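Student: What follows is my_file23.txt, compact mmCIF, C-alpha atoms.
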```
# COMPACT_ATOMS: atom_id res chain seq x y z
CA ASP A 1 -3.31 15.47 -7.91
CA VAL A 2 -0.29 13.50 -6.84
CA LYS A 3 1.07 11.37 -9.57
CA VAL A 4 3.36 8.41 -9.03
CA THR A 5 4.52 6.73 -12.20
CA GLN A 6 6.43 3.52 -12.71
CA SER A 7 8.57 2.91 -15.76
CA SER A 8 6.91 -0.33 -16.87
CA ARG A 9 3.56 -2.02 -16.25
CA TYR A 10 4.85 -5.42 -17.32
CA LEU A 11 8.41 -6.71 -17.46
CA VAL A 12 9.83 -10.10 -18.37
CA LYS A 13 13.45 -10.86 -17.51
CA ARG A 14 15.70 -13.89 -17.39
CA THR A 15 17.34 -15.37 -14.33
CA GLY A 16 20.61 -13.63 -13.53
CA GLU A 17 19.79 -10.39 -15.32
CA LYS A 18 20.17 -7.05 -13.58
CA VAL A 19 16.78 -5.36 -13.41
CA PHE A 20 15.96 -1.72 -12.82
CA LEU A 21 12.51 -0.56 -11.75
CA GLU A 22 12.01 3.18 -11.83
CA CYS A 23 9.53 5.29 -9.92
CA VAL A 24 8.90 9.01 -10.29
CA GLN A 25 6.63 11.27 -8.22
CA ASP A 26 5.67 14.82 -9.05
CA MET A 27 4.67 16.21 -5.64
CA ASP A 28 8.03 16.94 -4.06
CA HIS A 29 7.47 14.22 -1.46
CA GLU A 30 10.30 13.42 0.91
CA ASN A 31 9.46 9.76 1.53
CA MET A 32 9.40 7.05 -1.10
CA PHE A 33 8.81 3.32 -0.74
CA TRP A 34 9.14 0.07 -2.66
CA TYR A 35 6.82 -2.84 -1.86
CA ARG A 36 6.26 -6.22 -3.36
CA GLN A 37 2.80 -7.70 -3.43
CA ASP A 38 2.16 -11.42 -3.51
CA PRO A 39 -1.17 -13.27 -3.17
CA GLY A 40 -2.03 -13.96 0.44
CA LEU A 41 0.92 -11.96 1.74
CA GLY A 42 -0.32 -8.43 1.17
CA LEU A 43 2.25 -5.66 0.76
CA ARG A 44 5.72 -6.20 2.10
CA LEU A 45 8.17 -3.32 2.37
CA ILE A 46 11.46 -3.83 0.56
CA TYR A 47 13.17 -0.47 1.04
CA PHE A 48 12.22 3.06 1.78
CA SER A 49 13.90 6.42 1.45
CA TYR A 50 13.07 9.27 3.78
CA ASP A 51 14.98 11.83 1.71
CA VAL A 52 17.43 12.18 -1.15
CA LYS A 53 20.36 9.76 -0.86
CA MET A 54 18.86 8.35 2.35
CA LYS A 55 17.55 4.81 2.49
CA GLU A 56 16.60 2.18 4.99
CA LYS A 57 15.94 -1.50 4.67
CA GLY A 58 12.40 -2.66 4.99
CA ASP A 59 11.20 -6.12 5.91
CA ILE A 60 12.49 -8.05 2.90
CA PRO A 61 15.57 -6.29 1.45
CA GLU A 62 17.54 -9.40 0.50
CA GLY A 63 18.33 -9.52 -3.20
CA TYR A 64 17.42 -5.87 -3.75
CA SER A 65 19.11 -2.49 -3.63
CA VAL A 66 17.84 1.03 -4.19
CA SER A 67 19.03 4.39 -5.40
CA ARG A 68 17.69 7.88 -4.76
CA GLU A 69 19.86 10.51 -6.38
CA LYS A 70 17.05 12.97 -7.00
CA LYS A 71 14.06 13.74 -4.83
CA GLU A 72 11.49 12.74 -7.42
CA ARG A 73 13.03 9.42 -8.45
CA PHE A 74 13.47 6.17 -6.54
CA SER A 75 14.92 3.14 -8.27
CA LEU A 76 14.72 -0.49 -7.22
CA ILE A 77 17.51 -2.74 -8.45
CA LEU A 78 17.51 -6.51 -8.63
CA GLU A 79 21.23 -7.26 -8.88
CA SER A 80 20.72 -10.79 -10.20
CA ALA A 81 17.09 -11.62 -10.82
CA SER A 82 15.77 -14.93 -9.60
CA THR A 83 12.47 -16.70 -10.21
CA ASN A 84 11.36 -16.10 -6.63
CA GLN A 85 11.40 -12.38 -7.37
CA THR A 86 8.52 -12.78 -9.79
CA SER A 87 5.94 -10.47 -8.24
CA MET A 88 4.00 -7.21 -8.45
CA TYR A 89 6.16 -4.26 -7.38
CA LEU A 90 4.50 -1.13 -6.07
CA CYS A 91 6.11 2.24 -5.51
CA ALA A 92 4.65 4.85 -3.15
CA SER A 93 5.46 8.36 -2.02
CA ARG A 94 4.46 10.43 0.97
CA GLY A 95 4.92 14.03 2.00
CA THR A 96 5.96 14.89 5.53
CA SER A 97 4.31 18.27 6.07
CA GLY A 98 1.56 17.66 8.62
CA GLY A 99 3.36 14.74 10.17
CA SER A 100 2.94 11.00 10.10
CA TYR A 101 -0.78 11.30 9.39
CA ASN A 102 -0.16 11.77 5.67
CA GLU A 103 -1.11 8.87 3.46
CA GLN A 104 1.07 7.11 0.95
CA PHE A 105 0.29 7.58 -2.75
CA PHE A 106 0.84 4.57 -4.96
CA GLY A 107 1.93 4.04 -8.52
CA PRO A 108 0.14 1.56 -10.83
CA GLY A 109 2.62 -1.22 -10.18
CA THR A 110 5.07 -3.23 -12.28
CA ARG A 111 4.36 -6.90 -12.77
CA LEU A 112 7.75 -8.56 -13.09
CA THR A 113 8.17 -12.09 -14.37
CA VAL A 114 11.58 -13.75 -14.08
CA LEU A 115 12.02 -16.79 -16.30
CA ALA B 116 4.57 -7.08 17.89
CA GLN B 117 2.80 -4.66 15.61
CA SER B 118 0.32 -6.28 13.27
CA VAL B 119 -2.76 -5.75 11.19
CA THR B 120 -5.24 -8.55 10.66
CA GLN B 121 -7.90 -8.76 7.99
CA PRO B 122 -9.61 -12.02 8.92
CA ASP B 123 -11.63 -12.39 5.72
CA ILE B 124 -9.60 -13.32 2.65
CA HIS B 125 -12.61 -13.36 0.34
CA ILE B 126 -16.09 -11.87 0.70
CA THR B 127 -18.96 -12.21 -1.77
CA VAL B 128 -22.01 -9.95 -1.63
CA SER B 129 -24.90 -9.24 -3.93
CA GLU B 130 -25.16 -5.88 -5.62
CA GLY B 131 -27.20 -3.54 -3.42
CA ALA B 132 -26.40 -5.42 -0.22
CA SER B 133 -24.52 -3.87 2.67
CA LEU B 134 -20.84 -4.56 3.25
CA GLU B 135 -18.54 -4.69 6.24
CA LEU B 136 -14.83 -5.51 5.95
CA ARG B 137 -13.01 -6.21 9.18
CA CYS B 138 -9.65 -4.88 10.30
CA ASN B 139 -7.99 -5.45 13.67
CA TYR B 140 -4.66 -4.00 14.68
CA SER B 141 -2.10 -4.42 17.39
CA TYR B 142 0.00 -1.33 17.88
CA GLY B 143 1.68 0.12 20.95
CA ALA B 144 1.43 3.77 19.97
CA THR B 145 -1.57 5.85 18.97
CA PRO B 146 -2.30 4.55 15.49
CA TYR B 147 -3.08 6.25 12.25
CA LEU B 148 -5.43 4.02 10.28
CA PHE B 149 -6.07 3.80 6.56
CA TRP B 150 -8.19 1.86 4.12
CA TYR B 151 -7.01 1.46 0.54
CA VAL B 152 -8.69 -0.14 -2.47
CA GLN B 153 -6.92 -1.86 -5.36
CA SER B 154 -8.81 -2.51 -8.58
CA PRO B 155 -7.50 -5.35 -10.77
CA GLY B 156 -4.10 -4.53 -12.26
CA GLN B 157 -3.95 -1.15 -10.54
CA GLY B 158 -2.12 0.51 -7.68
CA LEU B 159 -3.71 1.32 -4.33
CA GLN B 160 -6.10 4.22 -3.88
CA LEU B 161 -6.86 5.76 -0.49
CA LEU B 162 -10.50 5.39 0.58
CA LEU B 163 -10.26 7.06 3.99
CA LYS B 164 -8.04 7.65 6.98
CA TYR B 165 -8.34 8.22 10.72
CA PHE B 166 -6.09 9.89 13.22
CA SER B 167 -8.25 11.50 15.86
CA GLY B 168 -11.61 13.12 16.44
CA ASP B 169 -14.90 11.63 15.35
CA THR B 170 -14.51 7.86 15.32
CA LEU B 171 -16.79 7.50 12.29
CA VAL B 172 -14.90 8.55 9.20
CA GLN B 173 -16.38 9.21 5.78
CA GLY B 174 -14.42 8.40 2.66
CA ILE B 175 -14.73 8.37 -1.09
CA LYS B 176 -17.07 6.17 -3.13
CA GLY B 177 -19.64 6.08 -0.30
CA PHE B 178 -17.44 4.17 2.16
CA GLU B 179 -17.15 4.83 5.88
CA ALA B 180 -15.14 3.29 8.70
CA GLU B 181 -15.50 3.26 12.46
CA PHE B 182 -12.58 3.30 14.88
CA LYS B 183 -13.21 1.32 18.06
CA ARG B 184 -10.27 1.65 20.41
CA SER B 185 -11.65 -0.89 22.90
CA GLN B 186 -11.80 -3.54 20.18
CA SER B 187 -8.66 -2.41 18.30
CA SER B 188 -10.74 -2.38 15.17
CA PHE B 189 -11.25 -0.15 12.16
CA ASN B 190 -13.96 -1.80 10.07
CA LEU B 191 -14.95 -0.53 6.63
CA ARG B 192 -18.62 -0.31 5.68
CA LYS B 193 -20.79 0.57 2.74
CA PRO B 194 -24.61 0.53 2.92
CA SER B 195 -25.19 -0.54 -0.70
CA VAL B 196 -22.51 -2.20 -2.80
CA HIS B 197 -22.14 -1.51 -6.53
CA TRP B 198 -20.64 -3.94 -9.05
CA SER B 199 -17.74 -1.52 -9.51
CA ASP B 200 -16.73 -2.03 -5.87
CA ALA B 201 -15.32 -5.45 -6.73
CA ALA B 202 -11.65 -5.10 -5.81
CA GLU B 203 -9.15 -5.90 -3.10
CA TYR B 204 -9.22 -3.85 0.08
CA PHE B 205 -6.28 -3.22 2.38
CA CYS B 206 -6.21 -1.90 5.91
CA ALA B 207 -2.99 -0.18 7.04
CA VAL B 208 -1.68 1.32 10.25
CA GLY B 209 1.04 3.85 10.95
CA ALA B 210 2.16 5.83 13.97
CA THR B 211 3.89 9.03 14.99
CA GLY B 212 7.63 8.97 14.46
CA THR B 213 7.69 6.12 11.98
CA TYR B 214 7.84 6.23 8.21
CA LYS B 215 6.59 2.71 7.86
CA TYR B 216 3.05 1.52 7.57
CA ILE B 217 1.95 -2.02 8.25
CA PHE B 218 -0.53 -3.42 5.76
CA GLY B 219 -3.01 -6.22 6.24
CA THR B 220 -3.06 -9.11 3.81
CA GLY B 221 -6.15 -7.79 2.07
CA THR B 222 -9.78 -8.82 1.53
CA ARG B 223 -10.93 -9.59 -1.98
CA LEU B 224 -14.52 -8.50 -2.62
CA LYS B 225 -16.67 -10.15 -5.24
CA VAL B 226 -20.00 -8.58 -6.17
CA LEU B 227 -22.80 -10.69 -7.63
CA ALA B 228 -25.15 -9.06 -10.12
```
For the file at hand, write its structure as structure tokens.
Tutor:
Amino acid sequence: DVKVTQSSRYLVKRTGEKVFLECVQDMDHENMFWYRQDPGLGLRLIYFSYDVKMKEKGDIPEGYSVSREKKERFSLILESASTNQTSMYLCASRGTSGGSYNEQFFGPGTRLTVL
Amino acid sequence: AQSVTQPDIHITVSEGASLELRCNYSYGATPYLFWYVQSPGQGLQLLLKYFSGDTLVQGIKGFEAEFKRSQSSFNLRKPSVHWSDAAEYFCAVGATGTYKYIFGTGTRLKVLA
């Protein structure tokens, strides 16, 4: 079974802090994604990485950056956390063998609160 | 513009009743379609997916979905709902040549005992 793990289930930070959210997958997937989930807005893509050291902006990248130095790990960085970044953050991974038909596998999520 | 619409934000059904969750998409290319379920405090789990072939797709937990190209719909159904089905359900669409999926805003299902 594919396993996607996220470093924390719950995180509380203060405004202005630098925040790191870590995601690790164990299935050698090429693609990895970071979403934020807010009530009524569904999942919105922040960044994705189609391979090691490769990244592309999603729909809402402002205030975030990412790092993918190793294939299994994809980090989301909030350079200076703000209260409007309080949200649920979901990481996903996807293999590319078989083409675009492959589904994304999700981690359990990190609920971040910025005070 | 590409979009996925789940018109029902909340649905309440009694345990044992049938269920249909609606999903409509607008996509220029041939779509890949997915339904995911999210239990409270959890990540998303794939229920089923469709790319081609038989337009009625069977998934896990007794769910099925039907692709109707003429209506741009991919509705999720279950003949008899269990209390454990209470969760949020997301429809998503992808396409050849793109890494990105577009997710709907979700339908929250409540099950009455």
Student: Just give me the gap between CA of Tyr89 (chain A) and CA of Arg73 (chain A) in Å, one decimal is fine.
Tutor: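 Rounded to one decimal, the two atoms are 15.3 Å apart.
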Student: Of the candidates B:Gly168, B:Gly219, B:Gly177, B:Gly143, which shows the shortest atom-to-atom distance to Arg192 (chain B), using all atoms listed in the file?
Tutor: B:Gly177
Student: Would you mind listing what lies within 7 Å of Val208 (chain B) as a ChimeraX atom specification, with all atoms listed in the file counted and same-chain residues fewer than 3 positions away left out?
Tutor: /B:146-149,216-218
Student: Residues of chain B no more than 12 Å from chain A, counting all atoms listed in the file: send them over as a ChimeraX atom specification.
Tutor: /B:119-125,145-167,203-223
Student: CA of Phe178 (chain B) and CA of Leu136 (chain B), how far apart in Å?
Tutor: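 Computing it gives 10.7 Å between the two atoms.
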